[in-house]
Structure formats: C-alpha cells, structure tokens
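Participant: One structure coming up, written as structure tokens, with questions to follow.
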Amino acid sequence: MSGGPERDPVADPVLAALDRVSGRGRSEDGLVRAAIDGGGIPRELTIDAEAMRQPPAALSASILEALRHAHEDLGVQVGQELARVADAGDPAGTPSAAGDAARAADELDRMAQDMSGEFEMMRRRLFDAIDGR
C-alpha cells in the first residue's frame, strides 16, 4: 500500500494536457478579448475603452462573443493536446489509451458545443430583456 492516491495511467496524461491548454477569443471588432483556462473558466477579460462607449446590449454581446470564441479556441487546443497524448501512447502499455483519449476528446468537444449553446441562450435572454420581451 503506497499511502498516496492511486495513479491512473490514462487519466493522468489527459488531465495534464488540460492543464497545459487555454482558450483565447475576441469580439469581431477586436475591442473585447477573453482568455479561459483548460476547464473553461474565464481568467482574463480585456475591454478596450472604445468598447465602453457602446450601448450596454452591444457591449454584453461583444463580451459573450469573445467568450464564445475563447471556448471554440479551447476546443481546438484540447483536441490537439489529446491527439498528442494519444499519439504518445499509453505509458501502461495497454491499447485502450488512444481510445480513452479519443473518447475524452469527444466528450470535451460535446461540452464545448453545449457551452456555446448556453452562451447563445444567454445572449438571446439578454436581448429579450433589453427589448422588453
């Protein structure tokens, strides 16, 4: 008995890959930029002074757009990292590692699509509230 947590030869490299990635996005006008970590949590939001002159609804839309682009970028980064992990092979020597990494990549892609849908729903609710619907 080692006394420490049991190591998972498949999960450990996947989790390490998630620690190495981040997503970056910006609004179409470039006035709002966002960065998120491997878990999709916003870590940086930069709003240009010019963007502050926009109406609140437009600024909110720009922020959501930058975050959506950051999540899309994260999905690409995660896919590349997981492909690299799968290509490196399973340190335990079992053939299931590539399949496990591919399944993890598919699940993360699904999660990113869900988050993108949630951002779109938030955007619609925001505009509906502003329009008084």
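So you can find residues: chains in the structure tokens are A, B, ... in the order shown, residues in each start at 1, and ligands are numbered from 1 in order.
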Can you list, as a PyMOL selection string, every protein, DNA or RNA residue that comes within 10 Å of segment 35-48 of chain A when you count only C-alpha atoms, leaving out same-chain residues fewer than 6 positions away?
Facilitator: chain A and resi 15-27+59+62-63+66-67+69-71+73-75+77-78+108+111-112+115
Participant: Just C-alpha atoms for this one: save the residues we selected as a compact mmCIF listing (two decimals), in the first residue's frame.
Facilitator:
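As a result, again05.txt now contains:
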# COMPACT_ATOMS: atom_id res chain seq x y z
CA LEU A 15 -5.55 15.87 -17.05
CA ALA A 16 -2.02 17.17 -17.58
CA ALA A 17 -3.00 18.08 -21.16
CA LEU A 18 -5.96 20.08 -19.86
CA ASP A 19 -3.64 21.96 -17.51
CA ARG A 20 -1.49 22.99 -20.50
CA VAL A 21 -4.26 24.46 -22.62
CA SER A 22 -6.19 27.69 -22.60
CA GLY A 23 -8.53 29.40 -25.00
CA ARG A 24 -8.40 32.93 -26.32
CA GLY A 25 -11.08 34.82 -28.16
CA ARG A 26 -12.03 38.31 -29.18
CA SER A 27 -15.10 40.11 -30.39
CA LEU A 59 -21.07 45.58 -25.00
CA SER A 62 -19.23 41.63 -27.52
CA ILE A 63 -18.24 40.07 -24.19
CA ALA A 66 -15.27 36.95 -27.09
CA LEU A 67 -16.02 34.22 -24.53
CA HIS A 69 -14.58 32.40 -29.42
CA ALA A 70 -12.35 31.56 -26.45
CA HIS A 71 -14.34 28.35 -25.87
CA ASP A 73 -10.31 28.01 -29.38
CA LEU A 74 -10.14 25.90 -26.22
CA GLY A 75 -11.88 23.06 -28.05
CA GLN A 77 -6.39 23.32 -28.22
CA VAL A 78 -7.83 20.41 -26.21
CA LEU A 108 -14.84 17.72 -24.26
CA MET A 111 -19.13 20.03 -23.62
CA ALA A 112 -17.73 22.94 -25.67
CA MET A 115 -21.34 25.78 -23.59
Participant: May I ask for the distance between atom CA of Arg68 of chain A and atom CA of Asp12 of chain A, given in Å to one decimal place?
Facilitator: 27.7 Å
Participant: Figure out the distance between atom CA of Gly117 of chain A and atom CA of Gln80 of chain A, please, to one decimal in Å.
Facilitator: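 Result for atom CA of Gln80 of chain A versus atom CA of Gly117 of chain A: 22.4 Å, one decimal.
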Participant: Using Å and a single decimal, report how far atom CA of Asp114 of chain A sits from atom CA of Pro13 of chain A.
Facilitator: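 So the answer is 24.4 Å.
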Participant: Excluding same-chain residues fewer than 3 positions from Ala58 of chain A, what lies within 12 Å of it counting only C-alpha atoms, as a short mmCIF file (atom, residue, chain, number, x, y, z; two decimals) with N, CA, C and O atoms, in the first residue's frame?
Facilitator:
data_model
loop_
_atom_site.label_atom_id
_atom_site.label_comp_id
_atom_site.auth_asym_id
_atom_site.auth_seq_id
_atom_site.Cartn_x
_atom_site.Cartn_y
_atom_site.Cartn_z
N SER A 27 -13.90 39.71 -29.67
CA SER A 27 -15.10 40.11 -30.39
C SER A 27 -14.71 40.43 -31.84
O SER A 27 -13.53 40.65 -32.14
N GLU A 28 -15.70 40.47 -32.72
CA GLU A 28 -15.41 40.72 -34.13
C GLU A 28 -14.71 42.07 -34.34
O GLU A 28 -13.84 42.19 -35.19
N ASP A 29 -15.07 43.07 -33.53
CA ASP A 29 -14.44 44.39 -33.68
C ASP A 29 -13.09 44.47 -32.96
O ASP A 29 -12.39 45.47 -33.06
N LEU A 31 -12.49 44.77 -29.84
CA LEU A 31 -12.48 45.65 -28.68
C LEU A 31 -12.60 44.89 -27.36
O LEU A 31 -12.34 45.46 -26.30
N VAL A 32 -13.01 43.63 -27.42
CA VAL A 32 -13.13 42.81 -26.22
C VAL A 32 -12.35 41.52 -26.45
O VAL A 32 -12.50 40.86 -27.48
N ALA A 51 -14.85 50.37 -26.45
CA ALA A 51 -16.00 49.48 -26.30
C ALA A 51 -16.94 49.99 -25.21
O ALA A 51 -18.15 49.74 -25.27
N MET A 52 -16.42 50.73 -24.25
CA MET A 52 -17.24 51.23 -23.16
C MET A 52 -18.22 52.31 -23.63
O MET A 52 -19.15 52.64 -22.91
N ARG A 53 -18.01 52.82 -24.83
CA ARG A 53 -18.93 53.83 -25.37
C ARG A 53 -20.12 53.18 -26.09
O ARG A 53 -21.03 53.87 -26.52
N GLN A 54 -20.09 51.86 -26.21
CA GLN A 54 -21.20 51.15 -26.86
C GLN A 54 -22.39 51.09 -25.91
O GLN A 54 -22.23 51.14 -24.69
N PRO A 55 -23.59 50.91 -26.46
CA PRO A 55 -24.75 50.67 -25.60
C PRO A 55 -24.54 49.38 -24.80
O PRO A 55 -23.82 48.48 -25.26
N ALA A 61 -23.05 41.79 -25.74
CA ALA A 61 -22.93 40.88 -26.88
C ALA A 61 -21.46 40.68 -27.26
O ALA A 61 -21.05 39.55 -27.57
N SER A 62 -20.66 41.74 -27.20
CA SER A 62 -19.23 41.63 -27.52
C SER A 62 -18.50 40.75 -26.50
O SER A 62 -17.64 39.96 -26.87
N ILE A 63 -18.86 40.90 -25.23
CA ILE A 63 -18.24 40.07 -24.19
C ILE A 63 -18.59 38.60 -24.40
O ILE A 63 -17.71 37.73 -24.38
N LEU A 64 -19.87 38.31 -24.64
CA LEU A 64 -20.28 36.93 -24.88
C LEU A 64 -19.63 36.36 -26.13
O LEU A 64 -19.23 35.20 -26.17
N GLU A 65 -19.49 37.20 -27.15
CA GLU A 65 -18.85 36.77 -28.39
C GLU A 65 -17.38 36.40 -28.15
O GLU A 65 -16.90 35.37 -28.62
N ARG A 123 -27.28 35.16 -24.56
CA ARG A 123 -27.33 36.33 -25.43
C ARG A 123 -28.77 36.66 -25.80
O ARG A 123 -29.20 37.81 -25.73
N LEU A 126 -30.61 38.10 -22.86
CA LEU A 126 -30.17 39.47 -22.62
C LEU A 126 -30.87 40.44 -23.57
O LEU A 126 -31.43 41.45 -23.15
N PHE A 127 -30.88 40.10 -24.85
CA PHE A 127 -31.53 40.98 -25.82
C PHE A 127 -33.04 41.03 -25.60
O PHE A 127 -33.66 42.09 -25.77
N ILE A 130 -33.62 43.37 -22.76
CA ILE A 130 -33.39 44.76 -23.17
C ILE A 130 -34.56 45.26 -24.04
O ILE A 130 -35.01 46.38 -23.90
#
Participant: Just asking: which residues within segment 14-62 of chain A are strand (DSSP E) according to DSSP, as a list in words?
Facilitator: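 Taking segment 14-62 of chain A and keeping strand (DSSP E) only, one gets Ser22, Gly23, Arg24, Gly25, Arg26, Val32, Arg33, Ala34, Ala35, Ile36, Asp37, Pro42, Arg43, Glu44, Leu45, Thr46 and Ile47 of chain A.
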Participant: Using only C-alpha atoms, which of A:Ala57, A:Leu82, A:Ala49, A:Ala34 sits nearest Arg124 of chain A?
Facilitator: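 With only C-alpha atoms as the atom set, the closest residue is A:Ala57.
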